[in-house]
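To keep things clear, I will list the structure first and then write my remarks on it.
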Amino acid sequence: MSEKFNFSKISDECIKCGKCIPGCTIHLINPDETTSPRGFIDLLGAYEKGELELDESAKDIFESCFLCTHCTDVCPNSLPTDMVIEEVRADIAKKYGIAWFKRAFFTLLRHRFLMDIMMKLGWAFKSCGFKSVENKGMVARFNLPIIKTDRLLPSLSKKSFLNKYPSKIKGKKQRVAIFIGCLANYNYTEIGDSLVEVLKALDIEIFIPKKQKCCAAPAYFTGDFYTVEVLAKQNIEYFESFFDEIDAMIIPEATCSAMIKHDWEVFFRNRGMEDWAKRARELNKKIFMATEYLYKYTNLKELLDKKGAWFDEVITYHDACHAKKVQGIEKEPRELLKSAFKIEEMSDSNRCCGFGGVTMQTEKFELAQKAGLPKAKMIEETKANIVSAECSACRMQISNSLYQNNIDVEFKNPIELIARALRDGRD
Ligand code: SF4
Ligand code: SF4
């Protein structure tokens, strides 16, 4: 049992009001009390009291949560249901072990040079196992044991973002570091290209910290706390070595940003590592999501308005759970995009896209598909040409949901759209 976490205290604090249930991502597709935040909390209380065994069925239930944070967001007692599920997943990992492919993946996350080699090999041999779909990425052609067939997967770039640019790019204004995140580093490299382009247009000095590691979110959501501890500590020590020399570190990825700004501190506090929790908290003051920083601390909005680029394409904006619910970021990207695009809101931009993490995208992919369908449909209803969100996990999930449901809408990170507006506007 998790030594550091008091599940029954949380269970006792739940007043059973049920406010968390209607918008719960798993409950929406599997409307059963056991797969609801209130149900998870009850089961965790019983588990701690020794009344529930962590058997295969309990494992299956706890792994069905999407960690979308809706429950925590709406709970009148602010009960951290997502966090207690992350904690019990560590117990599950201890009891059942972690599947070989996830262990292999987390090992790569801990060793950037190995990941670089694997990604290069993946790029070189991609034509052997995958077929391209124009402008949309890759579709698995055959049944891999861990990824089902006919599915849109992100393509690999020839050169990662971190290997593509020098560590310093001169500018006359503030000095800003970029934390890129693994998907944008290896797959969606156009996000980093666009961020560099936007910062250059603003004459901001860019620092690309080459030794940055994965934020550890994939491992955290899977219960591999060893990997979380290793990566978070290495990153914290590295960030501290240059944080005095920068004005900010910006992240064009909601999940990485939420992990670094919120979950690192929580993770260390829950394990009694107060010193590390404090160090993580100290760094937070200078860490921002990219659109948040660009909107609040630069003249980007003014510049976009001056450029006067106006596009016919209609954008619909998806609120990534880790952007809006965890960090309160929703206005900033919209305000920037409004300068160049018409925004057509979808019926429920706050509804989780159904990405859910590594386990959901592999062993429980049927659940991700079910959760993805309503999001794809509401995007289609807007008749927008482009769906945007500042999150590559959402990009991977939404792009596939659109593809599998024959909906022809392109996905773009807001930073890519902003770069385009700066490029195509008046000089
Ligand atoms: S995190 Fe999301 S899926 Fe999990 S219990 Fe809460 S609302 Fe439901
Ligand atoms: S909203 Fe909070 S208090 Fe109400 S049932 Fe859900 S977890 Fe319990």
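Following the order of the structure tokens, first chain is A, next is B, and so on, with residues numbered from 1 inside each chain and ligands from 1 in the order they appear.
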Residues at most 9 Å from segment 288-293 of chain A, counting only C-alpha atoms, excluding those fewer than 2 positions away in the same chain, as a ChimeraX atom specification?
/A:178,195,248-254,257-258,261,284-286,295-298,323,327,329-333,336,390,414-415
Using only C-alpha atoms, which residues sit within 9 Å of Asp42 of chain A once same-chain residues fewer than 5 positions away are excluded, as a PyMOL selection string?
chain A and resi 8+11-12+14+34+37+47
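One finds atom CA of Cys353 of chain A at 5.9 Å from atom CA of Lys375 of chain A.
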Write out as a Markdown table the residues of chain A that have any atom within 6 Å of an atom of ligand 1, one row each with the nearest atom pair and its distance in Å to one decimal, counting only C-alpha atoms and all ligand atoms, sorted by chain and then rising number.
| residue | atom | partner | partner_atom_place_in_ligand_line | distance |
| --- | --- | --- | --- | --- |
| A:Cys24 | CA | ligand 1 | 7 (S) | 3.5 |
| A:Thr25 | CA | ligand 1 | 3 (S) | 4.4 |
| A:Ile26 | CA | ligand 1 | 3 (S) | 4.7 |
| A:Ser36 | CA | ligand 1 | 5 (S) | 5.4 |
| A:Pro37 | CA | ligand 1 | 5 (S) | 3.9 |
| A:Cys65 | CA | ligand 1 | 4 (Fe) | 3.9 |
| A:Phe66 | CA | ligand 1 | 3 (S) | 4.2 |
| A:Leu67 | CA | ligand 1 | 1 (S) | 3.6 |
| A:Cys68 | CA | ligand 1 | 2 (Fe) | 3.9 |
| A:Thr69 | CA | ligand 1 | 1 (S) | 4.2 |
| A:His70 | CA | ligand 1 | 7 (S) | 4.3 |
| A:Cys71 | CA | ligand 1 | 7 (S) | 4.2 |
| A:Thr81 | CA | ligand 1 | 6 (Fe) | 5.9 |
| A:Asp82 | CA | ligand 1 | 1 (S) | 4.6 |
I'd like to know which residues of segment 229-313 of chain A are alpha helix (DSSP H) (by DSSP, run on the backbone); could you write them as an NGL selection string?
:A and (229-242 or 254-258 or 264-270 or 274-284 or 290-297 or 300-307)
Of A:Ile21, A:Ala340, A:Leu283, A:Leu156, the one nearest to Asp116 of chain A when counting only C-alpha atoms is A:Leu156
What residues of the protein or nucleic acid chains come within 6 Å of ligand 2 when you use only C-alpha atoms and all ligand atoms? Reply as a PyMOL selection string.
chain A and resi 14-20+37-38+75-77+79
Can you measure atom CA of Gly356 of chain A to atom CA of Thr35 of chain A for me? One decimal in Å is fine.
14.4 Å
Using only C-alpha atoms, which protein or nucleic acid residues come within 10 Å of Gly45 of chain A? Drop anything in the same chain fewer than 6 positions from it, and give the result as an mmCIF file with N, CA and C atoms, in the first residue's frame.
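Everything below was put into out_28.cif:
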data_model
loop_
_atom_site.group_PDB
_atom_site.id
_atom_site.type_symbol
_atom_site.label_atom_id
_atom_site.label_comp_id
_atom_site.auth_asym_id
_atom_site.auth_seq_id
_atom_site.Cartn_x
_atom_site.Cartn_y
_atom_site.Cartn_z
ATOM 1 N N ASN A 6 -2.724 9.040 2.296
ATOM 2 C CA ASN A 6 -3.852 8.657 3.127
ATOM 3 C C ASN A 6 -5.134 8.648 2.286
ATOM 4 N N PHE A 7 -5.427 7.492 1.687
ATOM 5 C CA PHE A 7 -6.605 7.407 0.815
ATOM 6 C C PHE A 7 -7.906 7.560 1.609
ATOM 7 N N SER A 8 -7.947 6.960 2.825
ATOM 8 C CA SER A 8 -9.228 6.976 3.543
ATOM 9 C C SER A 8 -9.585 8.384 4.029
ATOM 10 N N LYS A 9 -8.581 9.254 4.239
ATOM 11 C CA LYS A 9 -8.882 10.639 4.633
ATOM 12 C C LYS A 9 -9.658 11.317 3.493
ATOM 13 N N ILE A 10 -9.148 11.116 2.261
ATOM 14 C CA ILE A 10 -9.819 11.708 1.088
ATOM 15 C C ILE A 10 -11.229 11.115 0.976
ATOM 16 N N SER A 11 -11.317 9.804 1.182
ATOM 17 C CA SER A 11 -12.611 9.132 1.084
ATOM 18 C C SER A 11 -13.589 9.709 2.117
ATOM 19 N N ASP A 12 -13.104 9.951 3.334
ATOM 20 C CA ASP A 12 -13.980 10.500 4.380
ATOM 21 C C ASP A 12 -14.408 11.937 4.055
ATOM 22 N N GLY A 39 -16.869 6.928 -7.018
ATOM 23 C CA GLY A 39 -16.658 5.481 -6.915
ATOM 24 C C GLY A 39 -15.184 5.151 -6.701
ATOM 25 N N GLU A 51 -10.240 -3.631 3.015
ATOM 26 C CA GLU A 51 -11.511 -4.283 2.641
ATOM 27 C C GLU A 51 -11.570 -4.588 1.145
ATOM 28 N N LEU A 52 -10.597 -4.124 0.403
ATOM 29 C CA LEU A 52 -10.590 -4.363 -1.053
ATOM 30 C C LEU A 52 -9.200 -4.808 -1.478
#
Restricting the calculation to only C-alpha atoms, which member of A:Trp264, A:Trp276, A:Phe161, A:Phe243 is positioned closest to Tyr186 of chain A?
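Distance minimum relative to Tyr186 of chain A lands on A:Phe161.
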With a distance cut-off of 12 Å and only C-alpha atoms, select the neighbouring residues of Lys94 of chain A, excluding the residue or stretch itself and same-chain residues fewer than 5 positions from it, and output the selection as a PyMOL selection string.
chain A and resi 1-2+54+59+87-89+99+222-226
Output for the residues just chosen: C-alpha atoms as a compact mmCIF listing (two decimals), in the first residue's frame:
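And here is the file that came out, result-v6.txt:
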# COMPACT_ATOMS: atom_id res chain seq x y z
CA MET A 1 0.00 0.00 0.00
CA SER A 2 1.17 3.52 -0.77
CA LEU A 54 -5.90 -4.84 -5.48
CA LYS A 59 -6.46 -2.73 -11.42
CA GLU A 87 -0.76 7.17 -6.27
CA VAL A 88 -2.63 3.86 -6.42
CA ARG A 89 -1.19 3.20 -9.86
CA ALA A 99 4.51 -3.99 -19.20
CA THR A 222 1.50 5.05 -15.32
CA GLY A 223 2.77 4.72 -11.73
CA ASP A 224 6.49 4.48 -12.59
CA PHE A 225 7.58 6.73 -9.74
CA TYR A 226 11.24 5.74 -10.02
Find the distance between atom CA of Phe179 of chain A and atom CA of Gln212 of chain A and write it in Å to one decimal.
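According to the coordinates, atom CA of Phe179 of chain A and atom CA of Gln212 of chain A are separated by 7.2 Å.
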